[in-house]
>>> print(open('protein17.tsv').read())   # TSV, C-alpha atoms
chain	number	residue	atom	x	y	z
A	1	MET	CA	-3.84	-39.87	11.20
A	2	ILE	CA	-0.26	-40.55	12.13
A	3	SER	CA	1.26	-42.61	14.92
A	4	SER	CA	4.19	-41.78	17.16
A	5	GLN	CA	5.91	-44.85	15.74
A	6	LYS	CA	5.59	-43.47	12.21
A	7	ILE	CA	7.30	-40.27	13.33
A	8	ILE	CA	10.03	-42.27	15.06
A	9	ASP	CA	10.51	-44.26	11.85
A	10	ILE	CA	10.86	-41.07	9.78
A	11	VAL	CA	13.33	-39.54	12.25
A	12	SER	CA	15.34	-42.76	12.39
A	13	ARG	CA	15.52	-42.92	8.60
A	14	LEU	CA	16.52	-39.25	8.30
A	15	ALA	CA	19.13	-39.68	11.01
A	16	SER	CA	20.57	-42.91	9.69
A	17	GLY	CA	24.32	-42.74	9.36
A	18	SER	CA	24.64	-39.37	11.00
A	19	ALA	CA	23.13	-39.79	14.43
A	20	PRO	CA	22.34	-42.33	17.15
A	21	SER	CA	21.03	-45.71	16.13
A	22	LYS	CA	17.34	-46.36	15.50
A	23	GLU	CA	17.00	-47.93	18.93
A	24	ASP	CA	17.86	-44.57	20.51
A	25	PHE	CA	14.60	-42.97	19.34
A	26	THR	CA	11.43	-43.56	21.36
A	27	GLU	CA	8.05	-41.86	21.83
A	28	SER	CA	9.61	-39.65	24.49
A	29	THR	CA	12.87	-38.75	22.74
A	30	PRO	CA	13.03	-34.93	22.62
A	31	LEU	CA	12.96	-33.59	19.06
A	32	VAL	CA	14.21	-30.15	20.13
A	33	GLY	CA	16.37	-28.68	22.87
A	34	SER	CA	19.86	-29.23	24.16
A	35	VAL	CA	19.20	-32.83	25.15
A	36	SER	CA	17.79	-33.77	21.75
A	37	ASN	CA	19.52	-36.22	19.44
A	38	VAL	CA	17.68	-34.64	16.52
A	39	ASP	CA	19.48	-31.78	14.81
A	40	SER	CA	17.72	-28.85	13.16
A	41	MET	CA	18.29	-30.27	9.68
A	42	ILE	CA	16.46	-33.49	10.54
A	43	LEU	CA	13.70	-31.50	12.22
A	44	ILE	CA	13.09	-29.44	9.06
A	45	GLU	CA	13.18	-32.54	6.86
A	46	LEU	CA	10.70	-34.20	9.23
A	47	CYS	CA	8.37	-31.19	8.89
A	48	LEU	CA	8.55	-31.37	5.10
A	49	GLU	CA	7.72	-35.09	5.15
A	50	LEU	CA	4.77	-34.42	7.46
A	51	GLU	CA	3.65	-31.68	5.07
A	52	ASP	CA	3.59	-34.23	2.24
A	53	ILE	CA	1.72	-36.77	4.37
A	54	ALA	CA	-0.81	-34.10	5.33
A	55	ASN	CA	-1.29	-33.18	1.68
A	56	GLU	CA	-2.03	-36.82	0.90
A	57	LEU	CA	-4.61	-36.77	3.69
A	58	GLY	CA	-6.10	-33.59	2.24
A	59	PHE	CA	-5.09	-30.97	4.78
A	60	GLU	CA	-2.33	-28.48	5.46
A	61	PHE	CA	-0.07	-29.25	8.41
A	62	ASP	CA	1.12	-26.03	10.06
A	63	TRP	CA	4.25	-26.66	12.10
A	64	LYS	CA	4.98	-22.99	12.84
A	65	SER	CA	4.54	-22.26	16.52
A	66	GLU	CA	5.69	-19.55	18.92
A	67	LYS	CA	6.75	-22.30	21.32
A	68	ALA	CA	8.39	-24.51	18.69
A	69	MET	CA	11.76	-24.46	20.46
A	70	SER	CA	10.40	-24.84	23.99
A	71	SER	CA	11.48	-28.11	25.57
A	72	LEU	CA	8.32	-28.05	27.71
A	73	TYR	CA	5.52	-26.82	25.46
A	74	SER	CA	6.75	-27.46	21.91
A	75	ILE	CA	4.81	-29.55	19.45
A	76	PHE	CA	8.26	-31.03	18.83
A	77	LYS	CA	8.72	-31.95	22.50
A	78	ASP	CA	8.71	-35.59	21.44
A	79	ALA	CA	7.16	-37.92	18.87
A	80	ASP	CA	3.98	-38.25	20.95
A	81	SER	CA	3.45	-34.48	21.07
A	82	LEU	CA	4.08	-34.10	17.36
A	83	ALA	CA	1.73	-36.97	16.47
A	84	ASN	CA	-0.95	-35.47	18.72
A	85	GLU	CA	-0.59	-32.05	17.08
A	86	PHE	CA	-0.65	-33.53	13.59
A	87	ASN	CA	-3.76	-35.58	14.39
A	88	ALA	CA	-5.48	-32.62	16.06
A	89	GLN	CA	-4.93	-30.48	12.94
A	90	TYR	CA	-6.20	-33.33	10.78
A	91	ALA	CA	-9.34	-33.74	12.93
A	92	LYS	CA	-9.92	-29.97	12.84
A	93	SER	CA	-9.66	-29.93	9.06
A	94	LYS	CA	-12.38	-32.57	8.82
A	95	LYS	CA	-14.89	-30.61	10.92
A	96	PRO	CA	-17.63	-29.09	8.79
B	1	MET	CA	12.93	-23.04	-12.23
B	2	ILE	CA	13.83	-19.67	-10.72
B	3	ILE	CA	11.37	-17.57	-8.71
B	4	VAL	CA	11.77	-13.81	-9.02
B	5	THR	CA	9.82	-11.26	-6.99
B	6	GLY	CA	9.39	-7.76	-8.31
B	7	GLY	CA	10.18	-9.16	-11.72
B	8	ARG	CA	7.69	-6.99	-13.56
B	9	SER	CA	9.48	-3.67	-13.16
B	10	GLY	CA	12.85	-2.04	-12.52
B	11	ILE	CA	15.93	-4.19	-12.01
B	12	GLY	CA	13.79	-7.30	-11.56
B	13	HIS	CA	12.25	-6.93	-14.99
B	14	VAL	CA	15.67	-6.80	-16.65
B	15	ILE	CA	16.87	-9.78	-14.62
B	16	VAL	CA	13.84	-11.85	-15.65
B	17	SER	CA	14.35	-10.96	-19.32
B	18	LEU	CA	18.03	-11.90	-19.20
B	19	LEU	CA	17.39	-15.14	-17.30
B	20	ARG	CA	14.80	-16.18	-19.89
B	21	LYS	CA	17.14	-15.19	-22.69
B	22	GLU	CA	19.64	-17.65	-21.22
B	23	GLY	CA	17.03	-20.40	-21.28
B	24	GLU	CA	15.99	-20.36	-17.62
B	25	SER	CA	12.43	-21.07	-16.63
B	26	VAL	CA	11.23	-18.17	-14.48
B	27	ILE	CA	8.12	-17.54	-12.43
B	28	THR	CA	7.48	-13.97	-11.33
B	29	LEU	CA	5.62	-12.94	-8.19
B	30	SER	CA	4.14	-9.48	-7.85
B	31	ARG	CA	0.91	-7.65	-7.07
B	32	ARG	CA	0.11	-7.22	-10.73
B	33	ASN	CA	-2.82	-9.17	-12.09
B	34	LEU	CA	-1.58	-10.73	-15.29
B	35	ASP	CA	-3.09	-13.56	-17.24
B	36	GLU	CA	0.22	-15.37	-17.71
B	37	SER	CA	1.11	-18.88	-16.63
B	38	GLU	CA	4.59	-17.74	-15.62
B	39	HIS	CA	3.29	-15.08	-13.26
B	40	ILE	CA	1.58	-15.40	-9.89
B	41	SER	CA	-0.21	-12.40	-8.49
B	42	CYS	CA	0.29	-12.04	-4.76
B	43	ASP	CA	0.87	-9.53	-2.01
B	44	LEU	CA	4.54	-10.00	-1.13
B	45	SER	CA	4.05	-8.44	2.29
B	46	ASP	CA	1.23	-10.81	3.27
B	47	PHE	CA	1.94	-14.25	4.73
B	48	LYS	CA	-1.30	-15.89	3.56
B	49	SER	CA	-0.93	-14.52	0.06
B	50	LEU	CA	2.62	-15.88	-0.15
B	51	GLU	CA	1.47	-19.25	1.17
B	52	LEU	CA	-1.07	-19.46	-1.65
B	53	ALA	CA	1.68	-18.64	-4.16
B	54	TYR	CA	3.86	-21.36	-2.60
B	55	LYS	CA	1.07	-23.93	-2.96
B	56	SER	CA	0.51	-22.90	-6.56
B	57	ILE	CA	4.19	-23.39	-7.44
B	58	LYS	CA	4.43	-26.62	-5.42
B	59	SER	CA	1.41	-28.07	-7.24
B	60	ARG	CA	3.20	-27.57	-10.57
B	61	GLY	CA	5.84	-30.04	-9.39
B	62	CYS	CA	8.71	-27.96	-10.75
B	63	LYS	CA	12.19	-28.13	-9.28
B	64	VAL	CA	13.05	-24.71	-7.88
B	65	LYS	CA	16.76	-23.93	-7.83
B	66	ALA	CA	16.78	-20.25	-6.90
B	67	ILE	CA	14.76	-17.46	-5.36
B	68	ILE	CA	15.66	-13.91	-6.33
B	69	ASN	CA	13.92	-11.32	-4.22
B	70	CYS	CA	14.01	-8.00	-6.09
B	71	ALA	CA	10.76	-6.57	-4.76
B	72	GLY	CA	11.06	-3.50	-2.61
B	73	ILE	CA	9.81	-0.01	-1.97
B	74	ALA	CA	11.49	3.21	-0.88
B	75	SER	CA	10.33	6.59	0.29
B	76	MET	CA	12.81	9.41	0.62
B	77	ASN	CA	11.98	11.41	3.71
B	78	LEU	CA	13.54	12.69	6.89
B	79	VAL	CA	12.90	10.53	9.93
B	80	LEU	CA	11.04	13.29	11.74
B	81	THR	CA	8.71	13.94	8.81
B	82	THR	CA	7.90	10.34	7.90
B	83	PRO	CA	4.32	9.38	8.81
B	84	PRO	CA	3.84	6.10	10.71
B	85	ASP	CA	1.90	4.41	7.91
B	86	VAL	CA	4.86	4.92	5.57
B	87	VAL	CA	7.25	3.50	8.19
B	88	GLU	CA	5.05	0.44	8.58
B	89	LYS	CA	4.61	-0.05	4.83
B	90	ILE	CA	8.36	0.06	4.15
B	91	ILE	CA	9.21	-2.35	6.99
B	92	GLN	CA	6.31	-4.64	6.12
B	93	THR	CA	7.21	-4.88	2.44
B	94	ASN	CA	11.00	-4.84	2.52
B	95	LEU	CA	11.83	-6.65	5.75
B	96	ILE	CA	8.82	-8.67	6.86
B	97	GLY	CA	7.96	-9.55	3.25
B	98	THR	CA	11.50	-10.83	2.74
B	99	ILE	CA	11.34	-12.91	5.92
B	100	TYR	CA	7.98	-14.42	4.89
B	101	LEU	CA	9.13	-15.09	1.34
B	102	ASN	CA	12.33	-16.81	2.48
B	103	GLN	CA	10.69	-18.97	5.16
B	104	ILE	CA	7.76	-20.00	2.97
B	105	PHE	CA	9.73	-20.77	-0.20
B	106	ALA	CA	12.95	-22.23	1.25
B	107	PRO	CA	11.32	-25.72	1.48
B	108	LEU	CA	11.15	-25.78	-2.33
B	109	LEU	CA	14.94	-25.44	-2.44
B	110	ILE	CA	15.35	-28.08	0.27
B	111	LYS	CA	13.24	-30.47	-1.79
B	112	ASN	CA	15.42	-29.63	-4.80
B	113	GLY	CA	18.48	-30.73	-2.84
B	114	GLY	CA	19.90	-27.23	-2.69
B	115	GLY	CA	19.90	-23.88	-4.40
B	116	SER	CA	20.38	-20.16	-3.97
B	117	ILE	CA	18.49	-17.36	-2.31
B	118	ILE	CA	19.43	-13.86	-3.38
B	119	ASN	CA	17.94	-10.95	-1.44
B	120	PHE	CA	18.49	-7.30	-2.21
B	121	SER	CA	19.96	-4.65	0.05
B	122	THR	CA	21.43	-1.29	-0.89
B	123	ILE	CA	24.66	0.67	-0.74
B	124	ALA	CA	22.67	3.12	1.40
B	125	VAL	CA	23.03	0.77	4.39
B	126	SER	CA	26.80	1.21	4.36
B	127	SER	CA	26.73	4.92	3.50
B	128	ALA	CA	23.92	5.86	5.97
B	129	LEU	CA	22.33	7.95	3.25
B	130	LYS	CA	20.49	10.93	4.74
B	131	GLY	CA	16.77	10.87	4.01
B	132	GLU	CA	16.57	7.09	3.70
B	133	ALA	CA	16.66	6.01	7.36
B	134	VAL	CA	13.56	3.83	7.35
B	135	TYR	CA	14.42	2.24	4.01
B	136	ILE	CA	17.97	1.65	5.26
B	137	ALA	CA	16.66	0.14	8.51
B	138	SER	CA	14.54	-2.30	6.50
B	139	LYS	CA	17.46	-3.30	4.27
B	140	ALA	CA	19.91	-3.59	7.18
B	141	GLY	CA	17.40	-6.04	8.60
B	142	VAL	CA	17.40	-7.96	5.33
B	143	GLU	CA	21.21	-8.21	5.46
B	144	ALA	CA	21.23	-9.50	9.05
B	145	PHE	CA	18.36	-11.89	8.38
B	146	SER	CA	20.08	-13.27	5.27
B	147	ARG	CA	23.35	-13.84	7.13
B	148	THR	CA	21.58	-15.83	9.83
B	149	LEU	CA	19.35	-17.72	7.42
B	150	ALA	CA	22.50	-18.74	5.53
B	151	LYS	CA	23.64	-20.58	8.65
B	152	GLU	CA	20.30	-22.35	9.08
B	153	LEU	CA	20.11	-23.43	5.44
B	154	SER	CA	23.73	-24.37	4.79
B	155	PRO	CA	23.15	-28.04	5.80
B	156	PHE	CA	20.67	-28.21	2.93
B	157	ASN	CA	23.21	-27.01	0.36
B	158	ILE	CA	21.43	-23.67	0.08
B	159	THR	CA	23.32	-20.39	-0.13
B	160	VAL	CA	21.80	-17.10	0.99
B	161	ASN	CA	23.35	-13.81	-0.07
B	162	CYS	CA	22.46	-10.16	-0.51
B	163	ILE	CA	23.33	-7.93	-3.43
B	164	ALA	CA	23.70	-4.29	-2.42
B	165	PRO	CA	23.75	-2.11	-5.51
B	166	GLY	CA	24.42	1.59	-5.63
B	167	PRO	CA	22.02	3.86	-7.49
B	168	ILE	CA	20.59	2.27	-10.62
B	169	LYS	CA	18.15	4.34	-12.64
B	170	THR	CA	14.74	2.88	-11.84
B	171	ASP	CA	11.52	4.26	-10.35
B	172	LEU	CA	12.83	3.25	-6.91
B	173	ILE	CA	15.35	6.10	-6.83
B	174	LYS	CA	13.55	8.70	-8.92
B	175	ALA	CA	13.09	10.94	-5.85
B	176	ILE	CA	16.81	11.06	-5.11
B	177	PRO	CA	18.49	14.26	-6.41
B	178	GLN	CA	21.11	13.77	-9.16
B	179	GLU	CA	23.86	15.38	-7.04
B	180	THR	CA	23.20	12.78	-4.33
B	181	ILE	CA	23.39	9.98	-6.87
B	182	THR	CA	26.66	11.38	-8.25
B	183	SER	CA	28.06	11.59	-4.73
B	184	ILE	CA	27.12	7.97	-3.97
B	185	VAL	CA	28.65	6.75	-7.23
B	186	LYS	CA	31.87	8.61	-6.35
B	187	SER	CA	31.96	6.77	-3.02
B	188	GLN	CA	32.00	3.41	-4.81
B	189	ILE	CA	35.39	1.82	-5.50
B	190	ILE	CA	34.41	1.68	-9.15
B	191	ASN	CA	33.18	5.21	-9.95
B	192	ARG	CA	30.59	4.18	-12.48
B	193	GLU	CA	26.83	4.21	-12.27
B	194	MET	CA	25.89	0.56	-12.42
B	195	GLN	CA	23.28	-0.87	-14.78
B	196	PRO	CA	20.75	-3.69	-14.26
B	197	GLU	CA	23.00	-5.82	-16.48
B	198	ASP	CA	25.76	-5.45	-13.87
B	199	VAL	CA	23.37	-6.78	-11.24
B	200	PHE	CA	22.58	-9.69	-13.54
B	201	SER	CA	26.29	-10.53	-13.84
B	202	MET	CA	26.48	-10.80	-10.06
B	203	ILE	CA	23.34	-12.95	-10.01
B	204	LYS	CA	24.89	-15.27	-12.58
B	205	LEU	CA	27.94	-15.56	-10.40
B	206	LEU	CA	25.85	-16.43	-7.34
B	207	LEU	CA	23.84	-19.01	-9.30
B	208	SER	CA	26.91	-20.68	-10.72
B	209	PRO	CA	28.43	-23.85	-9.22
B	210	ASN	CA	31.60	-21.83	-8.59
B	211	ALA	CA	29.78	-19.86	-5.89
B	212	ARG	CA	28.58	-22.80	-3.78
B	213	GLU	CA	30.91	-21.76	-0.95
B	214	LEU	CA	29.83	-18.12	-1.09
B	215	THR	CA	27.08	-17.62	1.48
B	216	GLY	CA	25.94	-15.22	4.18
B	217	GLN	CA	27.52	-12.31	2.32
B	218	THR	CA	26.41	-8.86	1.24
B	219	LEU	CA	28.00	-8.11	-2.10
B	220	HIS	CA	28.45	-4.41	-2.89
B	221	LEU	CA	28.15	-3.82	-6.60
B	222	GLY	CA	31.03	-1.58	-7.65
B	223	GLY	CA	32.65	-1.99	-4.24
B	224	PHE	CA	32.24	0.18	-1.18
>>> encode(input="protein17.tsv", output="structure tokens")
Amino acid sequence: MISSQKIIDIVSRLASGSAPSKEDFTESTPLVGSVSNVDSMILIELCLELEDIANELGFEFDWKSEKAMSSLYSIFKDADSLANEFNAQYAKSKKP
Amino acid sequence: MIIVTGGRSGIGHVIVSLLRKEGESVITLSRRNLDESEHISCDLSDFKSLELAYKSIKSRGCKVKAIINCAGIASMNLVLTTPPDVVEKIIQTNLIGTIYLNQIFAPLLIKNGGGSIINFSTIAVSSALKGEAVYIASKAGVEAFSRTLAKELSPFNITVNCIAPGPIKTDLIKAIPQETITSIVKSQIINREMQPEDVFSMIKLLLSPNARELTGQTLHLGGF
């Protein structure tokens, strides 16, 4: 399982020195789209970190999505959405 | 480590041999079933198969510094006489396979802190070689894809380029008549039939630190 706060912490660390301060990231900060403070480089690095966390939890996190860049329906809409998607995939992987 | 697709035959085979001769650690990916630790058998046109290959390489914990995508198929035919299954096979292997390979394996280069992706095109894209329309369409797609991917990966210190050789004597061009080959060679700036070793020289250039600013390009071997 992962929390929205954990995702915010990762994004803040990845963005440190090159983007807005840590305080600028919240559960509802968009991770994609024109209003996002998160650039595509940070987004990819975030995905790779989530892949590693998923591997430690024993499942494969699939971040590829047709709606990945949609500001309305993307799993990257904000930290909450991404945490929900990650946790849903984790729960699914544990089902017999 | 360097990952080479299509490294068991043709130009790829020579490239792998020369890379190893220079002390590079190489893993080859191809359909062939070989009992070798430095080879992974996979279907390069299939996403799931490539994902399994990615996981296998990732689990070895090796640092990957380059991906050289030599795999490809061709089928000389007129557009109007090419059956749909051949069209689909060429596009699936050459274009879609390249897209899958690049998107699945690029994270290994990101984790390495940078590296090089080298895809293969052909002089036939520039010369609009009659009888190769579908093959050319697939390779033109590879060129455009590589140029765009170069932009997406440049923040990660990754270069993406295409090498576009003229005719090099391998099974890939065995169906092309000699007079056509001679004509293509004459259209090159350097009127010499290139060898796999010439391709390797260009690969060495692209892998060298001197080429870190060279990205998003299609390099025509012999000039066009």
>>> closest_atom_pairs(input="protein17.tsv", of="chain B", to="chain A", cutoff="12 Å", atoms="all atoms listed in the file", output="CSV")
residue,atom,partner,partner_atom,distance
B:Glu51,CA,A:Glu60,CA,10.9
B:Leu52,CA,A:Glu60,CA,11.6
B:Lys55,CA,A:Glu60,CA,10.2
B:Lys58,CA,A:Asp52,CA,10.8
B:Ser59,CA,A:Asn55,CA,10.6
B:Gln103,CA,A:Lys64,CA,10.4
B:Ile104,CA,A:Lys64,CA,10.7
B:Phe105,CA,A:Leu48,CA,11.9
B:Ala106,CA,A:Ile44,CA,10.6
B:Pro107,CA,A:Leu48,CA,7.3
B:Leu108,CA,A:Leu48,CA,9.7
B:Leu109,CA,A:Leu48,CA,11.5
B:Ile110,CA,A:Glu45,CA,8.2
B:Lys111,CA,A:Leu48,CA,8.4
B:Gly113,CA,A:Glu45,CA,11.2
B:Lys151,CA,A:Met41,CA,11.1
B:Glu152,CA,A:Ser40,CA,8.1
B:Leu153,CA,A:Met41,CA,8.3
B:Ser154,CA,A:Met41,CA,9.4
B:Pro155,CA,A:Met41,CA,6.6
B:Phe156,CA,A:Met41,CA,7.4
B:Asn157,CA,A:Met41,CA,11.0
>>> atom_distance(input="protein17.tsv", atom1="atom CA of B:Gly223", atom2="atom CA of B:Ile190")
6.4 Å
>>> closest_residue(input="protein17.tsv", among="A:Ala54, A:Ile8, A:Leu43, A:Leu31", to="A:Ser74", atoms="all atoms listed in the file")
A:Leu31
>>> axis_aligned_box(input="protein17.tsv", around="stretch 199-213 of chain B", padding_each_side="8 Å", output="JSON")
{"center_x": 27.1, "center_y": -15.3, "center_z": -7.4, "size_x": 25.0, "size_y": 33.1, "size_z": 28.9}
>>> atom_distance(input="protein17.tsv", atom1="atom CA of B:Phe224", atom2="atom CA of B:Ser187")
6.8 Å
>>> residues_near_point(input="protein17.tsv", point="(6.8, -0.8, 2.1)", cutoff="12 Å", atoms="all atoms listed in the file", output="PyMOL selection string")
chain B and resi 43-46+71-76+84-98+134-139+172
>>> write_last_selection(input="protein17.tsv", atoms="C-alpha atoms", output="tab-separated table (two decimals), in the coordinates of the input")
chain	number	residue	atom	x	y	z
B	43	ASP	CA	0.87	-9.53	-2.01
B	44	LEU	CA	4.54	-10.00	-1.13
B	45	SER	CA	4.05	-8.44	2.29
B	46	ASP	CA	1.23	-10.81	3.27
B	71	ALA	CA	10.76	-6.57	-4.76
B	72	GLY	CA	11.06	-3.50	-2.61
B	73	ILE	CA	9.81	-0.01	-1.97
B	74	ALA	CA	11.49	3.21	-0.88
B	75	SER	CA	10.33	6.59	0.29
B	76	MET	CA	12.81	9.41	0.62
B	84	PRO	CA	3.84	6.10	10.71
B	85	ASP	CA	1.90	4.41	7.91
B	86	VAL	CA	4.86	4.92	5.57
B	87	VAL	CA	7.25	3.50	8.19
B	88	GLU	CA	5.05	0.44	8.58
B	89	LYS	CA	4.61	-0.05	4.83
B	90	ILE	CA	8.36	0.06	4.15
B	91	ILE	CA	9.21	-2.35	6.99
B	92	GLN	CA	6.31	-4.64	6.12
B	93	THR	CA	7.21	-4.88	2.44
B	94	ASN	CA	11.00	-4.84	2.52
B	95	LEU	CA	11.83	-6.65	5.75
B	96	ILE	CA	8.82	-8.67	6.86
B	97	GLY	CA	7.96	-9.55	3.25
B	98	THR	CA	11.50	-10.83	2.74
B	134	VAL	CA	13.56	3.83	7.35
B	135	TYR	CA	14.42	2.24	4.01
B	136	ILE	CA	17.97	1.65	5.26
B	137	ALA	CA	16.66	0.14	8.51
B	138	SER	CA	14.54	-2.30	6.50
B	139	LYS	CA	17.46	-3.30	4.27
B	172	LEU	CA	12.83	3.25	-6.91
>>> atom_distance(input="protein17.tsv", atom1="atom CA of B:Gly222", atom2="atom CA of B:Leu205")
14.6 Å
